[in-house]
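Written below as structure tokens is the structure these notes are about.
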Amino acid sequence: MNILNVLRVSYRSLARNKLRSFLTMLGIIIGVAAVIAMLAIGQGASDAVKQQIAGLGTNVVIVFPFASSQGVVRFQAGATSRLTESDADAIRAQCPAVKYVTPVVRVVAQIIAGTQNWQTQVMGVYPDFEQIRNWPVQAGSYFTDSDERTAQKVCVLGQTVANNLFGTGSIPLGATVQIRDLPFKVIGVLSSKGQSSMGQDNDDIVIAPFSTVQQKLSGTIYANMLFASAISSEAVNTAVDEITQFLRIKHNLRPWQQNDFTVRTQTEIASTADATTKTMTLLLASVAAISLIVGGIGIMNIMLVSVTERTREIGIRMAVGARGGDVLTQFLIEAVSLSLAGGIIGVVLGVFTSRFVSDIQHWPVVISPQSIGLAFAFAAIIGIFFGWYPARKAANLNPIEALRYE
Amino acid sequence: MEEPIISVKHLMKIYKMGDVEVHALRGINLEVNKGEFTAIMGASGSGKSTFMNIIGCLDTPTSGEYLLDGVAVANLDRDELAKLRNVKLGFVFQAFNLLPRTTALENVELPLLYSNNHSASQRRDRAMAALEAVGLAERAGHYSNQLSGGQQQRVAIARSLVNDPVVILADEPTGNLDTRTSVEVIEIFQKLNDKGITVVLVTHEPDIAQFAGRNIVFRDGKVSKLIEVENRKIAAEELPKIPLPMDEIEP
Ligand SMILES: Nc1ncnc2c1ncn2[C@@H]1O[C@H](COP(=O)(O)OP(=O)(O)O)[C@@H](O)[C@H]1O
Ligand SMILES: [Mg+2]
């Protein structure tokens with residue numbers, strides 16, 4: 001029988017059992033949709049992280065106050081912060097490849113202005129923060145080095161904070177806000193960095209002098225981390241070396257002792273984050289792939305039932321001249337058609353699901369043509385793989401026994 | 001004219017069911033000539049169906065020789081048997097065996113789908129011609145479950161003859177039909193036989209056997225009698241004598 005006839009026969013027999021055909025496809029539909037959606041969400045997250053890291057600033061080097069091992073930053077239990085303001089000052093004085101540097105101390109605090117209050121993150125930094133993070137004010141100005149040295153109670157509000165405390169679009173320069181019951185004078189409003197693509201609001205922040213936050217709000221002498229930027233992109237690695245050498249000396253580390261801090265460049269952070277999101281994507285996709293395989297087993301299950309149920313039909317076909325090969329091809333094509341049709345519907349559903357997730361959850365999703373191709377190819381392979389056994393079984397039936405089957 | 005189209009020698013069939021052996025055929029020697037209309041008779045369990053299945057290439061004998069239109073069938077493989085069934089044989093079953101949820105036309109086209117050398121329109125034309133030959137052309141688009149038993153059997157006959165077989169084999173084709181419908185079906189076989197097609201049919205009804213030219217009686221897996229039918233009945237002449245069922249008489 002030529003392939004066109006096989007197709008016709010397979011199509012007719014699928015069309016004769018529309019509900020069963022659809023239910024069989026359901027497993028593949030869900031599997032393919034899940035693969036597409038998971039890959040889209042994973043890809044979206046990965047792109048978002050990359051974008052966020054790129055938005056960190058220019059030639060940024062970050063020093064974390066804990067040891068690293070094997071290139072992975074480890075948040076060890078009990079690892080205590082060993083970075084201080086004096087480390088930052090010394091780096092600025094001693095490392096020629098470093099242009100700007102600031103210690104960073106973060107506290108979460110309630111901020112009150114009049115009757116309004118808002119919970120946000122207060123970041124204590126040097127004015128260098130503006131250059132390192134490339135984050136100018138929209139109105140007013142940053143605090144000065146002398147504000148910082150004298151621990152003035154001044155602050156620069158992120159736009160979200162300003163909007164929530166003073167009304168949308170307001171520029172509350174000169175106003176006073178209470179941060180943990182201490183009055184701070186608003187001297188500037190940051191330009192908007194907008195929603196980060198991970199759904200985090202970059203503008204939900206208050207910037208204040210490091211010494212003020214450290215002394216009045218956090219109460220610890222340690223910094224959460226140091227931000228620095230190299231004098232040029234070529235100098236980033238030199239800056240890392242200089243900072244490392246210098247901090248080892250400053251922390252009195254012996255040659256056999258490990259660094260008690262970790263220096264990371266933007267590029268390194270980006271690649272670590274990328275690896276992490278790749279792992280996450282892989283994990284999500286494998287879970288989805290398992291559901292595809294379950295869908296495949298569903299196809300096999302139905303095809304096996306179908307072979308039994310249609311034993312008589314197979315007998316009739318054989319009685320009028322169908323060969324084993326014809327029956328094999330028919331059942332195989334039925335299985336592959338089911339999984340391919342399921343694949344197509346699954347792709348559509350997956351794309352819709354991804355869009356839905358991105359609309360409702362504001363997650364970034366990126367649907368790549370490769371993921372569609374992959375899911376589709378997978379569906380076809382599953383059709384052949386799981387269709388083979390039942391098809392073989394049908395083809396090997398003895399015509400007279402098949403005809404006698406009740 | 002006297003050339004055998006079916007020729008079997010020492011045909012044996014033994015079914016093995018665990019330790020028990022059932023000797024269904026115990027050495028059949030038989031020839032059926034081209035253009036003959038033969039009826040096989042015999043008690044239930046005498047091996048008629050077993051014999052039909054073997055000469056219909058649906059089953060293989062345990063031993064013995066079988067020549068179908070000059071082809072030695074005994075040592076053919078599954079695919080070769082399928083091809084023989086497709087091009088040389090037409091089979092009509094007691095249970096009609098039409099594909100469910102499929103139109104009459106599609107059922108009749110089925111053998112042509114597996115013979116590979118017809119275009120879609122040729123298939124259609126030949127299937128329509130076959131349906132016309134059994135008087136069911138106007139039912140071509142009906143699904144098999146929308147047809148009466150007699151009509152289903154006529155569709156099955158159309159399917160058996162669509163490939164221009166050398167022999168049509170029918171195993172109790174009237175077994176599920178009432179008297180009148182039976183004779184109508186036999187009429188079709190007689191017409192086909194008049195056109196030169198060899199017909200072998202199994203029946204346990206002596207009345208039906210009278211429409212054949214020759215009766216072969218099976219007994220315990222052997223041929224017990226060969227009878228040349230005298231005063232062979234012609235279905236077309238018998239039909240008017242059979243009363244119509246009550247519901248068809250009423251206006
Ligand atoms: N598939 C089978 N397995 C075992 N025994 C069978 C099978 N088919 C038929 N037989 C036996 O073979 C004998 C002949 O059966 P069959 O050819 O069907 O007779 P008939 O058609 O004349 O009634 C019977 O005894 C029957 O029980
Ligand atoms: Mg029988």
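Each chain in the structure tokens gets a letter, A, B and so on, in the order shown; residues start at 1 in every chain, and ligands are counted from 1 in the order they appear.
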
8 Å contact set for range 222-230 of chain A, only C-alpha atoms, chain neighbours under 4 positions out, as a compact mmCIF listing (two decimals) with C-alpha atoms, in the first residue's frame:
# COMPACT_ATOMS: atom_id res chain seq x y z
CA THR A 58 30.20 50.10 34.37
CA ASN A 59 33.41 48.14 35.08
CA VAL A 60 31.96 47.12 38.41
CA VAL A 61 33.88 45.00 40.89
CA ILE A 62 32.06 43.71 43.97
CA VAL A 63 33.76 42.50 47.14
CA PHE A 64 31.75 40.09 49.29
CA PRO A 65 32.68 39.53 52.92
CA SER A 81 31.41 40.02 57.76
CA ARG A 82 34.99 41.13 57.69
CA LEU A 83 34.65 44.11 55.41
CA THR A 84 34.70 47.58 56.88
CA GLU A 85 34.58 51.15 55.82
CA ALA A 88 36.98 50.77 51.26
CA ALA A 97 43.29 50.63 38.98
CA VAL A 98 40.26 51.43 41.14
CA LYS A 99 38.52 54.67 40.37
CA TYR A 100 35.52 54.67 42.68
CA VAL A 101 34.74 52.61 45.72
CA THR A 102 32.01 52.53 48.33
CA PRO A 103 31.12 50.29 51.23
CA VAL A 104 27.50 49.25 51.23
CA VAL A 105 25.36 48.73 54.29
CA ARG A 106 21.71 47.79 53.92
CA PHE A 129 27.76 55.09 44.39
CA ILE A 132 29.67 53.14 40.13
CA ALA A 235 41.69 47.60 34.07
CA VAL A 236 38.96 45.45 35.65
CA ALA A 239 41.65 46.13 39.87

- Query: Got a sec: who's within 8 Å of Asp59 in chain B, counting only C-alpha atoms, leaving out chain neighbours fewer than 3 positions off, as JSON, numbers by chain?
  - Reply: {"A": [399, 400], "B": [53, 54, 56]}

- Message: Residues contacting ligand 1 - anything with an atom at most 12 Å away, using only C-alpha atoms and all ligand atoms - can you give me those as an MDAnalysis selection string?
- Response: (chainID A and resid 398:405) or (chainID B and resid 12:26 40:54 59:60 93:94 170:172 175 201:204 217:223)

Please identify all polymer residues within 7 Å of range 139-151 of chain B, counting only C-alpha atoms, omitting same-chain residues fewer than 3 positions from it, and present them as a PDB file with C-alpha atoms, in the first residue's frame.
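Once written, part_24.pdb looks like this:
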ATOM      1  CA  LEU B  98     -17.644  -4.937   7.337  1.00  0.00           C
ATOM      2  CA  PRO B 100     -17.750  -0.337  11.450  1.00  0.00           C
ATOM      3  CA  ARG B 101     -18.402   3.407  11.108  1.00  0.00           C
ATOM      4  CA  THR B 102     -17.333   3.186   7.486  1.00  0.00           C
ATOM      5  CA  THR B 103     -19.442   3.731   4.376  1.00  0.00           C
ATOM      6  CA  ALA B 104     -20.429   0.938   2.032  1.00  0.00           C
ATOM      7  CA  LEU B 105     -18.267   2.472  -0.692  1.00  0.00           C
ATOM      8  CA  LEU B 136     -26.687  -1.348  -3.831  1.00  0.00           C
ATOM      9  CA  ARG B 154     -24.355  -7.640  -0.410  1.00  0.00           C
ATOM     10  CA  VAL B 155     -21.774  -4.992   0.420  1.00  0.00           C
ATOM     11  CA  LEU B 177     -30.273 -14.079   6.984  1.00  0.00           C
ATOM     12  CA  THR B 181     -32.879 -12.466   1.828  1.00  0.00           C
TER      13      THR B 181
END

- Item | Test item: residues at most 7 Å from Ile91 in chain A, only C-alpha atoms, excluding those fewer than 4 positions along its chain, as an MDAnalysis selection string | chainID A and resid 87 95 243

- If you run DSSP over the backbone, which residues in range 147-238 of chain B end up strand (DSSP E or B)? Put them as a ChimeraX atom specification. /B:167-171,198-202,214-219,222-228

- Message: Can you pull out the residues contacting Ala394 in chain A? Cut-off 7 Å, using only C-alpha atoms, and skip same-chain residues under 6 positions away; I want them as JSON, numbers by chain.
- Response: {"A": [307, 327, 328]}

- Query: From the list B:Val185, B:Ala129, B:Leu244, B:Leu113, which residue is nearest chain A when using only C-alpha atoms?
  - Reply: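 The answer is B:Leu113, which sits nearest to chain A.
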
- Would you work out the distance separating CA of Gly213 in chain B from CA of Val199 in chain B, expressed in Å to one decimal?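 Interatomic distance here is 10.0 Å.
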